[in-house]
Structures are given as C-alpha cells and as structure tokens.
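Peer 1: Dropping the structure in here first, questions after.
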Amino acid sequence: MTNEIKELKTFSAKIRIAAMEALEEIGAGHIGGVMSMADLMAVLYGKAMKIDPKNPRWEDRDWLVVSKGHCGPAVYAALALKGYFDVKDLKKVNQPKTFLPSHCDRNLTPGVDMTTGSLGQGMSTAIGTAWGNLYQKKDNYTYLVLGDGESQEGQVWEGALFAAQQKVHNLIAFIDYNKKQLDGYTKDVCEMGDLRQKFEDFGWYAQSIDGHDHQAILDAIENAKTNAGERPSMIVLNTEKGHGCKFAEGVLYNHHMSFTKDQVKEAVKQLEEEIKELG
C-alpha cells in the first residue's frame with residue numbers, strides 16, 4: 001500500500017468519525033449514505049479536486065455538486081478537515097440557525113458549490129455548471145454525486161442525453177450505488193439494471209468500480225480525464241450503505257437512523273484503531 005493510499009484511507013476514517021460525531025448531537029441522520037460516500041469524499045478533497053480552502057469561491061476551482069444533498073454531513077466533515085471552517089463547528093449540523101443544514105446549501109456553507117436536496121435536480125445544475133465553465137474555456141472539472149435511488153428520476157436521464165449531445169466533457173459524475181434507497185432495496189422499488197451500460201448507451205464514458213477502493217477511484221478519475229474524449233463521464237461506485245460505521249453496517253433500514261452516544265463511541269473507537277494500524 002502506498003503512502004498516498006494510506007493517507008486517503010486515514011482521511012476516509014476521519015471523515016466518518018467527524019460526520020458521526022456531528023450527527024451525534026441530534027442522535028439521528030442519514031448515516032447510511034453519508035458513510036457509503038466517505039471514501040469518494042476523501043479521494044476528491046484529498047487528491048483529485050483543484051481547491052483552495054482559503055478561497056472557497058476561487059474562480060478556477062473544480063466544482064462539486066452533491067445531488068444527494070441529504071448526505072451533506074459527509075461533505076461538511078471533509079470541508080472542515082480540509083480547513084474551510086473549524087472542525088468544532090460540525091457540532092452545529094442540523095441545529096437551529098446553523099450554517100450546516102440538513103441538506104447542502106451554497107448560501108450558508110463555505111466550500112459548498114451548489115444547493116441540493118431535491119433529488120434529480122443536481123444532474124441539471126452540475127451540467128449547467130460544467131457547460132458554463134466549458135463555454136468560458138476554464139480549465140477545470142465539475143464533479144457530480146448522484147444516489148442510486150435518485151437515478152430513478154426522469155430528470156437524470158434527460159440530463160444524461162443533454163450532456164452527451166452537448167459534449168460536456170469536463171463533467172465527471174458518480175453514482176453511489178449502495179443498492180438501497182429510503183424505503184428498501186433499489187431492485188425492489190424500481191430496478192435500474194446495469195447503470196454503467198445505461199450511461200454508455202446514453203453516450204457517456206462509463207466505468208463501474210469498487211467505491212471503497214481508493215486506488216480504483218483515483219484510477220477511474222484519471223481514466224475519465226484521459227479516455228473520455230468529448231464525452232461526459234460516469235463512474236458507478238459499488239458501495240455498501242453504512243460502510244465503516246459499526247452500528248449502521250448490515251442494517252436493512254439505514255437510510256436515516258436514530259442512534260445513541262454509546263453506539264457512536266464504539267464506532268469511533270473502531271475507526272480510530274484502523275487509523276492507528278495505518279500508521
């Protein structure tokens with residue numbers, strides 16, 4: 001294992017810890033999806049994205065649109081750990097008059113590029129952002145994170161057609177394919193079939209990888225930049241809902257959960273031991 005991967009694994013564990021401890025204050029939250037996308041957040045903020053925590057609105061930055069906005073705590077944890085704001089402020093998540101609301105809000109949170117939460121709409125706003133930057137000849141990328149249940153929305157597929165038609169090649173999207181949505185397994189609610197193949201059929205450069213493998217994520221992003229040509233890119237992340245959180249892993253209904261401080265304490269201890277083993 002390279003030092004870079006060790007650092008990203010450590011960053012992932014710290015994101016999970018920070019997000020859990022933030023949600024601990026209210027004893028509930030969208031813990032399942034927060035945990036399943038933590039590794040992606042570590043790779044994006046730890047390596048892949050061009051950012052400046054001291055200047056969140058830097059015009060030449062890469063953009064991130066987390067369309068599954070209810071998983072904002074994963075974003076907030078990454079932002080805080082990168083220095084966009086004090087880690088101590090994570091205790092304010094979902095609190096009255098907070099700048100860290102339940103869903104991502106660009107008008108409130110330093111480092112959040114797009115207000116999200118109305119599922120499906122992030123596809124359109126991310127495409128608009130990427131297309132606008134392309135029109136202005138900016139040398140940056142827009143990254144988009146979609147949920148798998150969210151991908152049942154018609155707006156996602158309208159956007160997929162448009163982005164391919166307009167050759168929005170500076171857009172790299174991910175689907176957090178943890179196989180679950182609010183009220184059950186995606187296959188039982190609305191089977192999506194082979195998502196990678198679907199996006200390829202819609203004209204995208206599409207890959208499917210292990211969404212908890214940091215090297216695979218890095219390689220897929222590089223493949224997208226190198227091989228997509230004039231196509232937008234989709235990376236389907238095969239993930240586990242609740243991954244890395246002891247009390248959420250393997251639980252059927254873990255989209256939104258209630259939990260105790262003792263459960264958080266035990267889960268954090270396990271992650272801290274993993275960090276220690278990584279050296």
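Scheme for the structure tokens: letters A, B, ... for chains in order shown; per-chain residue numbers from 1; ligand numbers from 1 in order shown.
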Per residue of range 73-127 of chain A within 8 Å of range 60-66 of chain A, which atom pair is closest and at what distance in Å (one decimal), using only C-alpha atoms, listed by chain and increasing number, as a Markdown table?

Peer 2:
| residue | atom | partner | partner_atom | distance |
| --- | --- | --- | --- | --- |
| A:Cys104 | CA | A:Val66 | CA | 7.7 |
| A:Val112 | CA | A:Leu64 | CA | 7.5 |
| A:Asp113 | CA | A:Leu64 | CA | 6.1 |
| A:Met114 | CA | A:Val65 | CA | 5.6 |
| A:Thr116 | CA | A:Val66 | CA | 6.8 |
| A:Gly122 | CA | A:Val65 | CA | 6.5 |
| A:Thr125 | CA | A:Val65 | CA | 7.8 |
| A:Ala126 | CA | A:Val65 | CA | 6.0 |

Peer 1: Output N, CA and C atoms of each residue in that selection to a file, as a compact mmCIF listing (two decimals), in the first residue's frame.

Peer 2:
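File part.txt, as written:
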# COMPACT_ATOMS: atom_id res chain seq x y z
N CYS A 104 -27.25 20.23 1.71
CA CYS A 104 -26.23 21.18 1.27
C CYS A 104 -26.84 22.50 0.79
N VAL A 112 -19.32 24.76 -0.18
CA VAL A 112 -20.41 24.08 -0.88
C VAL A 112 -20.71 24.87 -2.16
N ASP A 113 -20.63 24.21 -3.30
CA ASP A 113 -20.77 24.89 -4.58
C ASP A 113 -22.20 24.97 -5.09
N MET A 114 -23.07 24.06 -4.63
CA MET A 114 -24.43 24.03 -5.16
C MET A 114 -25.42 23.58 -4.09
N THR A 116 -28.49 21.65 -2.86
CA THR A 116 -29.08 20.41 -3.37
C THR A 116 -30.01 19.78 -2.34
N GLY A 122 -29.76 17.87 -9.14
CA GLY A 122 -28.32 18.09 -9.15
C GLY A 122 -27.70 17.75 -10.49
N THR A 125 -28.10 20.97 -12.57
CA THR A 125 -27.26 22.08 -12.12
C THR A 125 -25.78 21.80 -12.36
N ALA A 126 -25.38 20.54 -12.20
CA ALA A 126 -23.98 20.19 -12.47
C ALA A 126 -23.66 20.34 -13.95

Peer 1: Quick one: everything within 12 Å of range 204-209 of chain A, counting only C-alpha atoms, minus sequence neighbours fewer than 6 positions away in the same chain. Send it as a PyMOL selection string.

Peer 2: chain A and resi 40+157+159-177+194-198+215-239

Peer 1: Just want the 12 Å neighbourhood of Asp89 in chain A, counted on only C-alpha atoms, with same-chain residues fewer than 3 positions away dropped. Output as a list in words.

Peer 2: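 In the requested format, the answer is Ala18, Ala19, Glu21, Ala22, Leu23, Glu25, Pro73, Tyr76, Ala77, Leu79, Ala80, Leu81, Gly83, Tyr84, Phe85, Asp86, Lys92, Val93, Asn94, Gln95, Thr98, Phe99, Leu100, Pro101, Thr109 and Pro110 of chain A.
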
Peer 1: Restricted to C-alpha atoms, what would the selected residues look like written as a PDB file, in the first residue's frame?

Peer 2:
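Generated output (selection.pdb):
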ATOM      1  CA  ALA A  18     -16.303  13.661  12.147  1.00  0.00           C
ATOM      2  CA  ALA A  19     -19.654  13.019  10.460  1.00  0.00           C
ATOM      3  CA  GLU A  21     -19.772  12.914  15.965  1.00  0.00           C
ATOM      4  CA  ALA A  22     -21.582  15.782  14.240  1.00  0.00           C
ATOM      5  CA  LEU A  23     -24.815  13.795  13.925  1.00  0.00           C
ATOM      6  CA  GLU A  25     -25.573  15.899  18.724  1.00  0.00           C
ATOM      7  CA  PRO A  73     -22.595  15.732   6.704  1.00  0.00           C
ATOM      8  CA  TYR A  76     -19.149  19.069   5.814  1.00  0.00           C
ATOM      9  CA  ALA A  77     -16.748  16.680   7.510  1.00  0.00           C
ATOM     10  CA  LEU A  79     -14.602  20.548   4.272  1.00  0.00           C
ATOM     11  CA  ALA A  80     -13.867  21.023   7.968  1.00  0.00           C
ATOM     12  CA  LEU A  81     -10.935  18.606   7.908  1.00  0.00           C
ATOM     13  CA  GLY A  83      -9.736  23.788   6.738  1.00  0.00           C
ATOM     14  CA  TYR A  84     -12.748  25.506   5.187  1.00  0.00           C
ATOM     15  CA  PHE A  85     -14.056  26.066   8.721  1.00  0.00           C
ATOM     16  CA  ASP A  86     -13.344  24.880  12.268  1.00  0.00           C
ATOM     17  CA  LYS A  92     -23.796  22.722  14.711  1.00  0.00           C
ATOM     18  CA  VAL A  93     -25.036  20.330  11.974  1.00  0.00           C
ATOM     19  CA  ASN A  94     -28.848  20.467  11.758  1.00  0.00           C
ATOM     20  CA  GLN A  95     -29.034  22.858  14.714  1.00  0.00           C
ATOM     21  CA  THR A  98     -26.864  26.715  11.613  1.00  0.00           C
ATOM     22  CA  PHE A  99     -24.623  27.243   8.606  1.00  0.00           C
ATOM     23  CA  LEU A 100     -24.512  23.440   8.288  1.00  0.00           C
ATOM     24  CA  PRO A 101     -28.113  22.462   7.447  1.00  0.00           C
ATOM     25  CA  THR A 109     -21.682  26.732   3.974  1.00  0.00           C
ATOM     26  CA  PRO A 110     -18.155  27.756   2.874  1.00  0.00           C
TER      27      PRO A 110
END

Peer 1: In Å to one decimal, how far is CA of Val251 in chain A from CA of Gln263 in chain A?

Peer 2: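 About the pair CA of Gln263 in chain A and CA of Val251 in chain A: they are 13.7 Å apart.
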
Peer 1: Just list the residues in range 17-164 of chain A DSSP gives strand (DSSP E or B) on the backbone, as a list in words.

Peer 2: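 Going through range 17-164 of chain A, the strand (DSSP E or B) residues come out as Ala28, Gly29, Trp63, Leu64, Val65, Val66, Thr142, Tyr143, Leu144, Val145, Leu146 and Gly147 of chain A.
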
Peer 1: Any chance you could export the current selection's all heavy atoms as a CSV table (one decimal), in the first residue's frame?

Peer 2:
chain,number,residue,atom,x,y,z
A,28,ALA,N,-29.5,11.4,15.3
A,28,ALA,CA,-30.2,10.8,14.1
A,28,ALA,C,-29.6,11.5,12.9
A,28,ALA,O,-29.1,12.6,12.9
A,28,ALA,CB,-31.7,11.0,14.2
A,29,GLY,N,-29.8,10.8,11.7
A,29,GLY,CA,-29.3,11.4,10.5
A,29,GLY,C,-29.2,10.4,9.4
A,29,GLY,O,-29.5,9.2,9.6
A,63,TRP,N,-15.5,22.2,-9.3
A,63,TRP,CA,-16.8,22.3,-8.6
A,63,TRP,C,-17.2,20.9,-8.2
A,63,TRP,O,-16.9,19.9,-8.9
A,63,TRP,CB,-17.8,22.8,-9.5
A,63,TRP,CG,-17.7,24.3,-9.8
A,63,TRP,CD1,-16.7,25.0,-10.3
A,63,TRP,CD2,-18.7,25.3,-9.5
A,63,TRP,NE1,-16.9,26.4,-10.3
A,63,TRP,CE2,-18.2,26.6,-9.9
A,63,TRP,CE3,-20.0,25.2,-9.0
A,63,TRP,CZ2,-18.9,27.7,-9.7
A,63,TRP,CZ3,-20.8,26.4,-8.9
A,63,TRP,CH2,-20.2,27.6,-9.2
A,64,LEU,N,-17.9,20.8,-7.1
A,64,LEU,CA,-18.6,19.6,-6.6
A,64,LEU,C,-20.0,19.8,-6.4
A,64,LEU,O,-20.4,20.7,-5.6
A,64,LEU,CB,-17.9,19.1,-5.3
A,64,LEU,CG,-18.6,17.8,-4.7
A,64,LEU,CD1,-18.5,16.6,-5.7
A,64,LEU,CD2,-17.9,17.5,-3.4
A,65,VAL,N,-20.9,19.0,-7.0
A,65,VAL,CA,-22.3,19.1,-6.8
A,65,VAL,C,-22.7,17.7,-6.2
A,65,VAL,O,-22.7,16.7,-6.9
A,65,VAL,CB,-23.1,19.3,-8.1
A,65,VAL,CG1,-24.6,19.3,-7.9
A,65,VAL,CG2,-22.6,20.7,-8.7
A,66,VAL,N,-23.1,17.7,-5.0
A,66,VAL,CA,-23.6,16.5,-4.3
A,66,VAL,C,-25.1,16.5,-4.4
A,66,VAL,O,-25.8,17.1,-3.5
A,66,VAL,CB,-23.1,16.4,-2.8
A,66,VAL,CG1,-23.6,15.2,-2.2
A,66,VAL,CG2,-21.6,16.4,-2.8
A,142,THR,N,-16.2,19.7,-13.3
A,142,THR,CA,-17.3,19.7,-12.3
A,142,THR,C,-17.5,18.2,-12.0
A,142,THR,O,-17.7,17.4,-12.9
A,142,THR,CB,-18.6,20.2,-13.0
A,142,THR,OG1,-18.4,21.6,-13.2
A,142,THR,CG2,-19.8,20.1,-12.0
A,143,TYR,N,-17.5,17.9,-10.7
A,143,TYR,CA,-17.8,16.6,-10.2
A,143,TYR,C,-19.2,16.5,-9.6
A,143,TYR,O,-19.7,17.5,-9.0
A,143,TYR,CB,-16.8,16.2,-9.1
A,143,TYR,CG,-15.4,16.1,-9.6
A,143,TYR,CD1,-14.5,17.2,-9.6
A,143,TYR,CD2,-14.9,14.9,-10.1
A,143,TYR,CE1,-13.2,17.1,-10.1
A,143,TYR,CE2,-13.6,14.8,-10.6
A,143,TYR,CZ,-12.8,15.9,-10.6
A,143,TYR,OH,-11.5,15.8,-11.1
A,144,LEU,N,-19.9,15.4,-9.9
A,144,LEU,CA,-21.3,15.3,-9.5
A,144,LEU,C,-21.5,13.9,-8.8
A,144,LEU,O,-21.0,12.9,-9.2
A,144,LEU,CB,-22.2,15.3,-10.8
A,144,LEU,CG,-23.6,14.8,-10.6
A,144,LEU,CD1,-24.5,15.7,-9.7
A,144,LEU,CD2,-24.3,14.7,-12.0
A,145,VAL,N,-22.2,14.0,-7.7
A,145,VAL,CA,-22.5,12.7,-6.9
A,145,VAL,C,-24.0,12.5,-6.9
A,145,VAL,O,-24.8,13.4,-6.4
A,145,VAL,CB,-22.0,12.8,-5.5
A,145,VAL,CG1,-22.2,11.4,-4.8
A,145,VAL,CG2,-20.5,13.1,-5.5
A,146,LEU,N,-24.5,11.4,-7.5
A,146,LEU,CA,-25.9,11.0,-7.5
A,146,LEU,C,-26.1,9.8,-6.6
A,146,LEU,O,-25.2,9.0,-6.5
A,146,LEU,CB,-26.3,10.7,-8.9
A,146,LEU,CG,-26.3,11.7,-10.0
A,146,LEU,CD1,-26.3,11.1,-11.4
A,146,LEU,CD2,-27.4,12.7,-9.8
A,147,GLY,N,-27.3,9.7,-6.1
A,147,GLY,CA,-27.7,8.5,-5.4
A,147,GLY,C,-28.2,7.5,-6.4
A,147,GLY,O,-28.7,7.8,-7.5

Peer 1: One number please: CA of His212 in chain A to CA of Val43 in chain A, in Å, one decimal.

Peer 2: 10.2 Å

Peer 1: Can you check which residues of range 49-269 of chain A DSSP gives as alpha helix (DSSP H) on the backbone and send them as number ranges by chain?

Peer 2: A: 72-82, 121-135, 154-165, 186-190, 195-201, 214-227, 261-269

Peer 1: What separation in Å, quoted to one decimal, exists between CA of Gly120 in chain A and CA of Gly154 in chain A?

Peer 2: 7.6 Å

Peer 1: Which neighbours of His256 in chain A fall inside 12 Å, counting only C-alpha atoms, when residues of the same chain fewer than 4 positions from it are skipped, and could you give them as a VMD selection string?

Peer 2: chain A and resid 23 27 to 35 70 to 71 102 180 to 184 241 to 242 248 251 to 252
